[in-house]
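Structure file run-v4.cif with mmCIF, C-alpha atoms and all ligand atoms:
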data_data
loop_
_atom_site.group_PDB
_atom_site.id
_atom_site.type_symbol
_atom_site.label_atom_id
_atom_site.label_comp_id
_atom_site.auth_asym_id
_atom_site.auth_seq_id
_atom_site.Cartn_x
_atom_site.Cartn_y
_atom_site.Cartn_z
ATOM 1 C CA LEU A 238 -10.590 -0.525 -18.306
ATOM 2 C CA ARG A 239 -12.881 -3.396 -17.438
ATOM 3 C CA PHE A 240 -11.740 -6.621 -15.810
ATOM 4 C CA LYS A 241 -13.877 -9.711 -15.553
ATOM 5 C CA ARG A 242 -13.026 -10.211 -11.890
ATOM 6 C CA LEU A 243 -10.915 -7.980 -9.609
ATOM 7 C CA LEU A 244 -9.954 -9.040 -6.070
ATOM 8 C CA LEU A 245 -9.520 -6.493 -3.275
ATOM 9 C CA THR A 246 -7.913 -7.892 -0.094
ATOM 10 C CA GLY A 247 -8.147 -5.929 3.168
ATOM 11 C CA ALA A 248 -11.660 -4.835 2.208
ATOM 12 C CA ALA A 249 -12.749 -4.328 5.858
ATOM 13 C CA GLY A 250 -9.916 -1.835 6.440
ATOM 14 C CA THR A 251 -9.795 1.947 6.153
ATOM 15 C CA LEU A 252 -8.569 2.032 2.548
ATOM 16 C CA GLY A 253 -10.502 -1.090 1.566
ATOM 17 C CA ARG A 254 -13.804 0.504 2.592
ATOM 18 C CA MET A 255 -12.921 3.706 0.707
ATOM 19 C CA LEU A 256 -11.883 1.788 -2.434
ATOM 20 C CA ARG A 257 -14.670 -0.794 -2.624
ATOM 21 C CA PRO A 258 -17.339 1.461 -4.155
ATOM 22 C CA ARG A 259 -14.770 3.168 -6.418
ATOM 23 C CA LEU A 260 -13.504 -0.093 -7.928
ATOM 24 C CA LYS A 261 -16.840 -1.467 -9.094
ATOM 25 C CA ARG A 262 -16.834 0.500 -12.341
ATOM 26 C CA TYR A 263 -13.568 -1.147 -13.447
ATOM 27 C CA CYS A 264 -14.797 -4.752 -13.346
ATOM 28 C CA GLU A 265 -17.765 -7.029 -13.971
ATOM 29 C CA THR A 266 -17.294 -8.686 -10.583
ATOM 30 C CA LEU A 267 -15.489 -7.262 -7.557
ATOM 31 C CA ARG A 268 -14.450 -9.966 -5.093
ATOM 32 C CA VAL A 269 -13.586 -8.523 -1.683
ATOM 33 C CA SER A 270 -11.846 -10.383 1.140
ATOM 34 C CA ASP A 271 -10.640 -9.870 4.692
ATOM 35 C CA LEU A 272 -10.236 -11.634 8.012
ATOM 36 C CA ALA A 273 -12.867 -9.357 9.534
ATOM 37 C CA ALA A 274 -16.566 -8.968 8.711
ATOM 38 C CA MET A 275 -17.442 -6.839 5.682
ATOM 39 C CA GLU A 276 -20.589 -5.226 4.298
ATOM 40 C CA PRO A 277 -22.777 -7.835 2.566
ATOM 41 C CA ALA A 278 -22.293 -8.337 -1.187
ATOM 42 C CA GLY A 279 -23.992 -5.756 -3.395
ATOM 43 C CA ASP A 280 -24.651 -6.026 -7.121
ATOM 44 C CA GLY A 281 -21.611 -7.445 -8.946
ATOM 45 C CA GLU A 282 -19.794 -8.228 -5.683
ATOM 46 C CA GLU A 283 -18.558 -11.374 -3.943
ATOM 47 C CA VAL A 284 -17.587 -11.263 -0.260
ATOM 48 C CA VAL A 285 -15.147 -13.877 1.066
ATOM 49 C CA ILE A 286 -13.652 -14.265 4.547
ATOM 50 C CA ALA A 287 -10.073 -15.451 3.907
ATOM 51 C CA PRO A 288 -7.153 -15.221 6.366
ATOM 52 C CA LEU A 289 -3.973 -14.513 4.415
ATOM 53 C CA GLU A 290 -2.078 -17.166 6.382
ATOM 54 C CA ASP A 291 -4.533 -19.910 5.294
ATOM 55 C CA GLU A 292 -2.956 -21.413 2.182
ATOM 56 C CA ALA A 293 -6.024 -23.374 1.050
ATOM 57 C CA ALA A 294 -8.340 -20.411 1.566
ATOM 58 C CA MET A 295 -6.020 -18.222 -0.507
ATOM 59 C CA LEU A 296 -5.869 -20.730 -3.349
ATOM 60 C CA ALA A 297 -9.679 -20.793 -3.484
ATOM 61 C CA LEU A 298 -9.852 -16.988 -3.176
ATOM 62 C CA LEU A 299 -7.744 -16.476 -6.316
ATOM 63 C CA GLU A 300 -9.824 -18.745 -8.547
ATOM 64 C CA GLY A 301 -11.057 -16.820 -11.585
ATOM 65 C CA VAL A 302 -9.308 -13.584 -10.562
ATOM 66 C CA ASP A 303 -7.705 -11.481 -13.348
ATOM 67 C CA ALA A 304 -5.975 -8.914 -11.134
ATOM 68 C CA VAL A 305 -5.527 -8.255 -7.407
ATOM 69 C CA LEU A 306 -5.330 -5.131 -5.299
ATOM 70 C CA HIS A 307 -3.520 -6.461 -2.224
ATOM 71 C CA PHE A 308 -4.385 -4.182 0.700
ATOM 72 C CA GLY A 309 -4.813 -6.832 3.430
ATOM 73 C CA GLY A 310 -2.412 -7.302 6.319
ATOM 74 C CA VAL A 311 -0.958 -5.610 9.366
ATOM 75 C CA SER A 312 -0.759 -1.882 8.556
ATOM 76 C CA VAL A 313 1.200 -0.456 11.507
ATOM 77 C CA GLU A 314 4.160 -1.517 13.643
ATOM 78 C CA LYS A 315 3.512 -4.716 15.659
ATOM 79 C CA PRO A 316 5.691 -7.444 17.186
ATOM 80 C CA PHE A 317 7.407 -9.588 14.561
ATOM 81 C CA SER A 318 5.262 -12.601 15.535
ATOM 82 C CA THR A 319 2.144 -10.627 14.482
ATOM 83 C CA VAL A 320 3.645 -9.227 11.276
ATOM 84 C CA LEU A 321 5.030 -12.578 10.088
ATOM 85 C CA PRO A 322 1.827 -14.584 9.374
ATOM 86 C CA ALA A 323 -0.186 -11.705 7.867
ATOM 87 C CA ASN A 324 2.409 -9.848 5.812
ATOM 88 C CA ILE A 325 5.137 -12.383 5.045
ATOM 89 C CA VAL A 326 3.468 -15.818 4.982
ATOM 90 C CA GLY A 327 0.290 -14.098 3.735
ATOM 91 C CA ALA A 328 2.052 -12.365 0.834
ATOM 92 C CA TYR A 329 3.664 -15.666 -0.160
ATOM 93 C CA ASN A 330 0.277 -17.440 -0.073
ATOM 94 C CA LEU A 331 -1.252 -14.712 -2.228
ATOM 95 C CA TYR A 332 1.504 -14.839 -4.873
ATOM 96 C CA GLU A 333 1.629 -18.616 -4.982
ATOM 97 C CA ALA A 334 -2.168 -18.814 -5.341
ATOM 98 C CA ALA A 335 -2.076 -16.112 -8.056
ATOM 99 C CA ARG A 336 0.580 -18.053 -9.977
ATOM 100 C CA ARG A 337 -1.340 -21.315 -9.723
ATOM 101 C CA GLN A 338 -4.652 -19.718 -10.738
ATOM 102 C CA GLY A 339 -3.182 -17.754 -13.676
ATOM 103 C CA THR A 340 -3.752 -14.228 -12.309
ATOM 104 C CA ARG A 341 -2.007 -11.675 -14.546
ATOM 105 C CA ARG A 342 -1.236 -8.703 -12.295
ATOM 106 C CA ILE A 343 -1.040 -7.651 -8.644
ATOM 107 C CA VAL A 344 -1.065 -4.126 -7.264
ATOM 108 C CA PHE A 345 0.686 -4.360 -3.909
ATOM 109 C CA ALA A 346 -0.046 -1.825 -1.160
ATOM 110 C CA SER A 347 3.549 -1.382 -0.042
ATOM 111 C CA SER A 348 4.562 1.489 2.189
ATOM 112 C CA ASN A 349 6.883 4.465 2.521
ATOM 113 C CA HIS A 350 8.148 2.651 5.648
ATOM 114 C CA VAL A 351 10.266 0.430 3.335
ATOM 115 C CA THR A 352 12.509 3.513 3.075
ATOM 116 C CA GLY A 353 11.535 5.235 6.339
ATOM 117 C CA PHE A 354 15.106 5.684 7.584
ATOM 118 C CA TYR A 355 15.999 8.072 4.747
ATOM 119 C CA GLY A 356 16.140 11.645 5.986
ATOM 120 C CA GLN A 357 13.378 14.185 5.499
ATOM 121 C CA GLY A 358 16.012 16.359 3.762
ATOM 122 C CA GLU A 359 16.569 13.761 1.046
ATOM 123 C CA THR A 360 14.698 13.074 -2.190
ATOM 124 C CA ILE A 361 14.959 9.434 -3.180
ATOM 125 C CA LEU A 362 14.246 7.383 -6.283
ATOM 126 C CA ALA A 363 12.344 4.088 -6.119
ATOM 127 C CA ASN A 364 15.513 2.006 -6.664
ATOM 128 C CA VAL A 365 17.385 3.176 -3.549
ATOM 129 C CA VAL A 366 18.550 0.515 -1.111
ATOM 130 C CA PRO A 367 15.632 -0.146 1.275
ATOM 131 C CA ARG A 368 16.033 1.286 4.773
ATOM 132 C CA PRO A 369 12.990 -0.118 6.626
ATOM 133 C CA ASP A 370 12.052 1.690 9.831
ATOM 134 C CA SER A 371 10.074 -1.133 11.514
ATOM 135 C CA PHE A 372 9.217 -4.855 11.340
ATOM 136 C CA TYR A 373 6.196 -3.594 9.402
ATOM 137 C CA GLY A 374 8.433 -1.796 6.876
ATOM 138 C CA LEU A 375 10.645 -4.885 6.654
ATOM 139 C CA SER A 376 7.622 -7.030 5.815
ATOM 140 C CA LYS A 377 6.696 -4.640 2.985
ATOM 141 C CA ALA A 378 10.287 -4.856 1.677
ATOM 142 C CA PHE A 379 9.815 -8.646 1.652
ATOM 143 C CA GLY A 380 6.574 -8.211 -0.298
ATOM 144 C CA GLU A 381 8.373 -6.111 -2.925
ATOM 145 C CA ASN A 382 11.160 -8.696 -3.252
ATOM 146 C CA LEU A 383 8.547 -11.423 -3.544
ATOM 147 C CA ALA A 384 6.897 -9.438 -6.357
ATOM 148 C CA GLN A 385 10.239 -9.093 -8.160
ATOM 149 C CA TYR A 386 10.883 -12.838 -7.784
ATOM 150 C CA TYR A 387 7.451 -13.837 -9.109
ATOM 151 C CA PHE A 388 7.945 -11.557 -12.115
ATOM 152 C CA ASP A 389 11.464 -12.758 -12.929
ATOM 153 C CA ARG A 390 10.614 -16.411 -12.354
ATOM 154 C CA HIS A 391 7.010 -16.622 -13.525
ATOM 155 C CA GLY A 392 6.147 -13.429 -15.416
ATOM 156 C CA LEU A 393 3.482 -12.413 -12.874
ATOM 157 C CA GLU A 394 3.438 -8.595 -12.988
ATOM 158 C CA THR A 395 3.212 -6.253 -9.985
ATOM 159 C CA VAL A 396 3.103 -2.562 -9.295
ATOM 160 C CA SER A 397 4.299 -2.007 -5.729
ATOM 161 C CA ILE A 398 2.925 1.266 -4.428
ATOM 162 C CA ARG A 399 4.909 2.720 -1.530
ATOM 163 C CA ILE A 400 1.898 4.544 -0.138
ATOM 164 C CA GLY A 401 2.658 7.694 1.848
ATOM 165 C CA SER A 402 -0.280 8.846 4.000
ATOM 166 C CA CYS A 403 -3.606 8.173 2.282
ATOM 167 C CA LEU A 404 -6.173 10.236 4.160
ATOM 168 C CA PRO A 405 -9.132 12.484 3.306
ATOM 169 C CA GLU A 406 -6.966 15.502 4.290
ATOM 170 C CA PRO A 407 -3.371 16.008 5.487
ATOM 171 C CA GLN A 408 -3.300 16.192 9.312
ATOM 172 C CA ASP A 409 0.237 17.303 10.254
ATOM 173 C CA ARG A 410 3.460 18.763 8.852
ATOM 174 C CA ARG A 411 4.795 15.392 7.737
ATOM 175 C CA HIS A 412 1.705 14.875 5.616
ATOM 176 C CA LEU A 413 2.569 18.004 3.587
ATOM 177 C CA ALA A 414 5.137 15.704 1.902
ATOM 178 C CA SER A 415 3.573 12.269 2.382
ATOM 179 C CA TRP A 416 -0.107 12.907 1.628
ATOM 180 C CA LEU A 417 -1.958 10.889 -1.036
ATOM 181 C CA SER A 418 -5.529 12.013 -1.683
ATOM 182 C CA HIS A 419 -8.258 9.409 -2.150
ATOM 183 C CA ASP A 420 -8.833 10.550 -5.746
ATOM 184 C CA ASP A 421 -5.105 10.301 -6.558
ATOM 185 C CA MET A 422 -5.055 6.822 -4.995
ATOM 186 C CA GLU A 423 -7.820 5.820 -7.413
ATOM 187 C CA ARG A 424 -5.874 7.375 -10.338
ATOM 188 C CA LEU A 425 -2.767 5.474 -9.295
ATOM 189 C CA LEU A 426 -4.614 2.154 -9.050
ATOM 190 C CA VAL A 427 -6.224 2.641 -12.458
ATOM 191 C CA ALA A 428 -2.817 3.456 -13.963
ATOM 192 C CA ALA A 429 -1.213 0.430 -12.266
ATOM 193 C CA LEU A 430 -3.955 -1.877 -13.551
ATOM 194 C CA SER A 431 -4.046 -0.514 -17.096
ATOM 195 C CA ALA A 432 -0.397 0.222 -18.042
ATOM 196 C CA PRO A 433 0.434 -2.204 -20.867
ATOM 197 C CA VAL A 434 3.729 -3.498 -19.420
ATOM 198 C CA VAL A 435 4.861 -3.058 -15.815
ATOM 199 C CA GLY A 436 7.110 -6.039 -14.995
ATOM 200 C CA HIS A 437 7.714 -5.243 -11.353
ATOM 201 C CA SER A 438 7.525 -1.480 -10.962
ATOM 202 C CA ILE A 439 7.764 0.536 -7.755
ATOM 203 C CA VAL A 440 5.930 3.858 -7.458
ATOM 204 C CA TYR A 441 5.639 6.142 -4.433
ATOM 205 C CA GLY A 442 2.006 6.844 -3.621
ATOM 206 C CA CYS A 443 1.856 10.582 -3.021
ATOM 207 C CA SER A 444 -0.095 13.473 -4.466
ATOM 208 C CA ASP A 445 1.521 16.357 -6.382
ATOM 209 C CA ASN A 446 2.805 17.938 -3.161
ATOM 210 C CA ARG A 447 5.117 20.978 -3.241
ATOM 211 C CA THR A 448 7.408 19.473 -0.621
ATOM 212 C CA THR A 449 8.317 15.918 -1.529
ATOM 213 C CA TRP A 450 10.832 13.232 -0.550
ATOM 214 C CA TRP A 451 10.071 10.953 -3.482
ATOM 215 C CA ASP A 452 10.976 11.145 -7.160
ATOM 216 C CA ASN A 453 8.811 8.848 -9.303
ATOM 217 C CA ALA A 454 10.929 9.294 -12.470
ATOM 218 C CA GLN A 455 11.595 5.535 -12.662
ATOM 219 C CA GLY A 456 7.876 4.728 -12.570
ATOM 220 C CA ARG A 457 6.688 7.097 -15.321
ATOM 221 C CA HIS A 458 5.763 4.224 -17.645
ATOM 222 C CA VAL A 459 2.997 3.324 -15.176
ATOM 223 C CA GLY A 460 1.319 6.550 -16.254
ATOM 224 C CA TYR A 461 0.293 7.954 -12.869
ATOM 225 C CA ARG A 462 -0.421 11.708 -12.985
ATOM 226 C CA PRO A 463 -1.461 13.071 -9.571
ATOM 227 C CA GLN A 464 -3.886 15.972 -9.619
ATOM 228 C CA ASP A 465 -4.175 16.915 -5.937
ATOM 229 C CA SER A 466 -1.734 18.674 -3.593
ATOM 230 C CA SER A 467 -1.316 19.198 0.158
ATOM 231 C CA GLU A 468 -0.485 22.881 -0.460
ATOM 232 C CA PRO A 469 -3.933 24.323 0.429
ATOM 233 C CA TRP A 470 -3.481 22.929 3.982
ATOM 234 C CA ARG A 471 0.091 24.230 4.490
ATOM 235 C CA ALA A 472 -0.651 27.495 6.321
ATOM 236 C CA GLN A 473 -3.049 25.926 8.803
ATOM 237 C CA LEU A 474 -0.801 22.920 9.506
ATOM 238 C CA GLU A 475 2.307 25.051 9.983
ATOM 239 C CA ALA A 476 0.354 27.309 12.353
ATOM 240 C CA LYS A 477 -0.844 24.271 14.295
ATOM 241 C CA GLN A 478 2.749 22.974 14.678
ATOM 242 C CA PRO A 479 4.883 26.154 14.700
ATOM 243 C CA HIS A 480 7.883 24.663 16.532
ATOM 244 C CA ILE A 481 9.535 21.410 15.564
ATOM 245 C CA ASP A 482 12.673 20.087 17.205
ATOM 246 C CA PRO A 483 14.769 18.930 14.219
ATOM 247 C CA THR A 484 16.786 16.549 16.409
ATOM 248 C CA ARG A 485 13.690 14.461 17.236
ATOM 249 C CA PRO A 486 13.817 11.228 15.230
ATOM 250 C CA GLU A 487 10.229 11.649 14.024
ATOM 251 C CA ALA A 488 11.228 15.004 12.478
ATOM 252 C CA ARG A 489 14.531 13.721 11.041
ATOM 253 C CA TYR A 490 13.360 10.634 9.210
ATOM 254 C CA GLN A 491 10.791 10.149 6.458
ATOM 255 C CA GLY A 492 9.082 7.363 8.431
ATOM 256 C CA GLY A 493 8.062 9.832 11.158
ATOM 257 C CA VAL A 494 6.902 8.208 14.413
ATOM 258 C CA PHE A 495 7.376 4.699 12.973
ATOM 259 C CA VAL A 496 11.144 5.037 13.589
ATOM 260 C CA THR A 497 10.468 5.348 17.326
ATOM 261 C CA GLN A 498 7.895 2.585 17.717
ATOM 262 C CA GLY A 499 8.160 -1.053 18.662
ATOM 263 C CA PRO A 500 10.170 -3.041 21.162
ATOM 264 C CA PHE A 501 13.508 -1.252 20.654
ATOM 265 C CA PRO A 502 13.130 2.454 21.438
ATOM 266 C CA PHE A 503 15.231 4.580 19.102
ATOM 267 C CA ALA A 504 16.168 7.270 21.562
HETATM 268 P P1 LIG B 601 -6.169 -1.306 7.831
HETATM 269 O O1 LIG B 601 -5.398 -1.887 8.977
HETATM 270 O O2 LIG B 601 -7.306 -0.409 8.128
HETATM 271 O O3 LIG B 601 -6.688 -2.498 6.898
HETATM 272 C C1 LIG B 601 -6.008 -3.706 6.718
HETATM 273 C C2 LIG B 601 -7.025 -4.817 6.633
HETATM 274 O O4 LIG B 601 -6.311 -6.054 6.491
HETATM 275 C C3 LIG B 601 -7.921 -4.951 7.869
HETATM 276 O O5 LIG B 601 -9.282 -4.910 7.519
HETATM 277 C C4 LIG B 601 -7.540 -6.295 8.468
HETATM 278 O O6 LIG B 601 -8.629 -7.008 9.053
HETATM 279 C C5 LIG B 601 -6.986 -7.034 7.256
HETATM 280 N N1 LIG B 601 -6.056 -8.083 7.685
HETATM 281 C C6 LIG B 601 -5.076 -7.986 8.627
HETATM 282 N N2 LIG B 601 -4.475 -9.164 8.817
HETATM 283 C C7 LIG B 601 -5.087 -10.026 7.976
HETATM 284 C C8 LIG B 601 -4.921 -11.410 7.721
HETATM 285 N N3 LIG B 601 -3.991 -12.114 8.375
HETATM 286 N N4 LIG B 601 -5.718 -11.991 6.806
HETATM 287 C C9 LIG B 601 -6.653 -11.267 6.138
HETATM 288 N N5 LIG B 601 -6.869 -9.967 6.343
HETATM 289 C C10 LIG B 601 -6.091 -9.346 7.252
HETATM 290 O O7 LIG B 601 -5.080 -0.573 6.909
HETATM 291 P P2 LIG B 601 -5.311 0.529 5.779
HETATM 292 O O8 LIG B 601 -4.929 1.843 6.314
HETATM 293 O O9 LIG B 601 -6.637 0.351 5.146
HETATM 294 O O10 LIG B 601 -4.171 0.109 4.736
HETATM 295 C C11 LIG B 601 -4.415 -0.860 3.733
HETATM 296 C C12 LIG B 601 -3.074 -1.331 3.163
HETATM 297 O O11 LIG B 601 -2.339 -0.220 2.666
HETATM 298 C C13 LIG B 601 -2.200 -2.023 4.201
HETATM 299 O O12 LIG B 601 -1.514 -3.094 3.576
HETATM 300 C C14 LIG B 601 -1.211 -0.935 4.588
HETATM 301 O O13 LIG B 601 0.023 -1.492 5.015
HETATM 302 C C15 LIG B 601 -1.072 -0.167 3.280
HETATM 303 N N6 LIG B 601 -0.695 1.237 3.518
HETATM 304 C C16 LIG B 601 -1.638 2.124 3.976
HETATM 305 C C17 LIG B 601 -1.282 3.455 4.169
HETATM 306 C C18 LIG B 601 -2.299 4.485 4.571
HETATM 307 O O14 LIG B 601 -2.005 5.672 4.456
HETATM 308 N N7 LIG B 601 -3.494 4.096 5.017
HETATM 309 C C19 LIG B 601 0.096 3.913 3.963
HETATM 310 C C20 LIG B 601 1.002 2.883 3.506
HETATM 311 C C21 LIG B 601 0.596 1.594 3.282
HETATM 312 C C1 LIG B 602 1.581 3.383 6.728
HETATM 313 O O1 LIG B 602 2.223 2.492 6.180
HETATM 314 C C2 LIG B 602 0.406 3.070 7.584
HETATM 315 O O2 LIG B 602 -0.314 1.947 7.117
HETATM 316 C C3 LIG B 602 -0.541 4.248 7.745
HETATM 317 O O3 LIG B 602 -1.398 3.983 8.835
HETATM 318 C C4 LIG B 602 0.189 5.580 7.941
HETATM 319 O O4 LIG B 602 0.775 5.618 9.193
HETATM 320 C C5 LIG B 602 1.228 5.780 6.862
HETATM 321 O O5 LIG B 602 2.056 4.652 6.667
HETATM 322 C C6 LIG B 602 2.146 6.990 7.082
HETATM 323 O O6 LIG B 602 3.378 6.845 6.976
HETATM 324 O O7 LIG B 602 1.640 8.090 7.335
#
Target format structure tokens, applied to this file:
Amino acid sequence: LRFKRLLLTGAAGTLGRMLRPRLKRYCETLRVSDLAAMEPAGDGEEVVIAPLEDEAAMLALLEGVDAVLHFGGVSVEKPFSTVLPANIVGAYNLYEAARRQGTRRIVFASSNHVTGFYGQGETILANVVPRPDSFYGLSKAFGENLAQYYFDRHGLETVSIRIGSCLPEPQDRRHLASWLSHDDMERLLVAALSAPVVGHSIVYGCSDNRTTWWDNAQGRHVGYRPQDSSEPWRAQLEAKQPHIDPTRPEARYQGGVFVTQGPFPFA
């Protein structure tokens, strides 16, 4: 797997900084972008400041790009006026620029918060009706619909990854189900970039955890095979949080605390 030029948006963020050194081996040139300052360009890198809401900047950013890993944007719950330019207008600008510049494929960092109002007792497939738990989750649902539209209308392919909790280690009970290791994230991105035909596919981004809420049967053609698991952390995390009140919304719903955040308190 070797692209001429890969673009990583959100390169100044937590996942962007983790992914940047890992992605270099899959391309001749790695172009990285963000709103915020980034590390200077190393060998085979190009660093571009580009706000997602700036249409002209996005058109220039996509020039000569074969495939995109779209990780930029608001990554937690915020007022709708903050989410709108970055995640909704920004996603549109990215797709429109990709179409105009002839980019072949986008890997979209979607989120489990697209379906955060499903219960923690349920196991869902990727084609369930979205139940966003926040304006943030709603904006990711828009991004997935945008991806579907650009495939159906223009043949631009996307893998939307509904990332669970991508962290070095699981930190709490919820992460026993939602955790995605850094190495499995890399495996998933490589699969999403290299699968021969993806159309618009949706895959949950989680490791091979024993407890799971997500069934990736519909995304098998993408070829993702997780190799890590949250299980080694189970005993210590359950000891740390021995009592959970199952009536608390953050324990009832897959989205966890996201269902309680924002301007309209849940309970
Ligand atoms: P982060 O908040 O650390 O990074 C996001 C980056 O996007 C930041 O560097 C920020 O400056 C940039 N950004 C924000 N608004 C922008 C704009 N208008 N124009 C250009 N750049 C802008 O988030 P993190 O954790 O690195 O997540 C990366 C992506 O993965 C996000 O899209 C997030 O929604 C998604 N994701 C992450 C999960 C996780 O476990 N970390 C879980 C689910 C989804
Ligand atoms: C997300 O979508 C967020 O970007 C990340 O910060 C985590 O909170 C994650 O979901 C999660 O659900 O744990």
### Task
Around ligand LIG 601 (chain B), at most 6 Å away and counting all atoms listed in the file, which residues are there? Put them as a list in words, please.
Gly247, Ala248, Ala249, Gly250, Thr251, Leu252, Gly253, Asp271, Leu272, Ala273, Ala287, Pro288, Leu289, Glu290, Phe308, Gly309, Gly310, Val311, Ser312, Ala323, Ala346, Ser347, Ser348, Ile400, Gly401, Ser402 and Cys403 of chain A
### Best match for closeness to ligand LIG 602 (chain B) among A:Pro483, A:Gly442, A:Pro258, A:Gly436, counting all atoms listed in the file
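Smallest distance to ligand LIG 602 (chain B) is found for A:Gly442.
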### Query
Written as a PyMOL selection string, what is the full residue list that the PyMOL selection byres (((chain A and resi 452) around 6) and not hetatm) yields on the file shown?
chain A and resi 361-362+451+453-454
Serialized selection, C-alpha atoms, as a compact mmCIF listing (two decimals), in the frame of the given file:
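Result written to part-v1.txt:
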# COMPACT_ATOMS: atom_id res chain seq x y z
CA ILE A 361 14.96 9.43 -3.18
CA LEU A 362 14.25 7.38 -6.28
CA TRP A 451 10.07 10.95 -3.48
CA ASN A 453 8.81 8.85 -9.30
CA ALA A 454 10.93 9.29 -12.47
### Query
Suppose you want the space between atom CA of A:Thr360 and atom CA of A:Ile398; what is it in Å?
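Between atom CA of A:Thr360 and atom CA of A:Ile398 the gap is 16.8 Å.
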#### Entry: Residues in the PyMOL selection byres (((chain A and resi 350) around 7) and not hetatm), expressed as a VMD selection string
chain A and resid 348 to 349 351 to 353 369 to 370 374 492
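This file, filtered with the PyMOL selection byres (((chain A and resi 433) around 12) and not hetatm), gives the residues Leu238, Arg341, Arg342, Glu394, Thr395, Val396, Val427, Ala428, Ala429, Leu430, Ser431, Ala432, Val434, Val435, Gly436, His458, Val459 and Gly460 of chain A.
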Could you take the residues named above and write them with C-alpha atoms, as a short mmCIF file (atom, residue, chain, number, x, y, z; two decimals), in the coordinates of the input?
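Contents of again-v2.cif, as written:
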data_model
loop_
_atom_site.label_atom_id
_atom_site.label_comp_id
_atom_site.auth_asym_id
_atom_site.auth_seq_id
_atom_site.Cartn_x
_atom_site.Cartn_y
_atom_site.Cartn_z
CA LEU A 238 -10.59 -0.52 -18.31
CA ARG A 341 -2.01 -11.68 -14.55
CA ARG A 342 -1.24 -8.70 -12.30
CA GLU A 394 3.44 -8.60 -12.99
CA THR A 395 3.21 -6.25 -9.98
CA VAL A 396 3.10 -2.56 -9.30
CA VAL A 427 -6.22 2.64 -12.46
CA ALA A 428 -2.82 3.46 -13.96
CA ALA A 429 -1.21 0.43 -12.27
CA LEU A 430 -3.96 -1.88 -13.55
CA SER A 431 -4.05 -0.51 -17.10
CA ALA A 432 -0.40 0.22 -18.04
CA VAL A 434 3.73 -3.50 -19.42
CA VAL A 435 4.86 -3.06 -15.82
CA GLY A 436 7.11 -6.04 -15.00
CA HIS A 458 5.76 4.22 -17.64
CA VAL A 459 3.00 3.32 -15.18
CA GLY A 460 1.32 6.55 -16.25
#
### Query
What is the atom CA of A:Glu487 to atom CA of A:Val320 distance in Å?
22.1 Å
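Taking atom O7 of ligand LIG 602 (chain B) as the reference point, atom CA of A:Val365 is found at 19.8 Å.
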### Query
Which residues come within 12 Å of A:Tyr263, counting only C-alpha atoms, excluding same-chain residues fewer than 5 positions away, as a VMD selection string?
chain A and resid 238 to 244 256 to 258 281 303 to 304 423 to 424 426 to 428 430 to 431
Give as a PDB file with C-alpha atoms, in the coordinates of the input the set of residues within 7 Å of the point (4.5, -5.3, 18.5), where distances use the file's coordinates and all atoms listed in the file.
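Output below, filename result_5.pdb:
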ATOM      1  CA  GLU A 314       4.160  -1.517  13.643  1.00  0.00           C
ATOM      2  CA  LYS A 315       3.512  -4.716  15.659  1.00  0.00           C
ATOM      3  CA  PRO A 316       5.691  -7.444  17.186  1.00  0.00           C
ATOM      4  CA  PHE A 317       7.407  -9.588  14.561  1.00  0.00           C
ATOM      5  CA  GLY A 499       8.160  -1.053  18.662  1.00  0.00           C
ATOM      6  CA  PRO A 500      10.170  -3.041  21.162  1.00  0.00           C
TER       7      PRO A 500
END
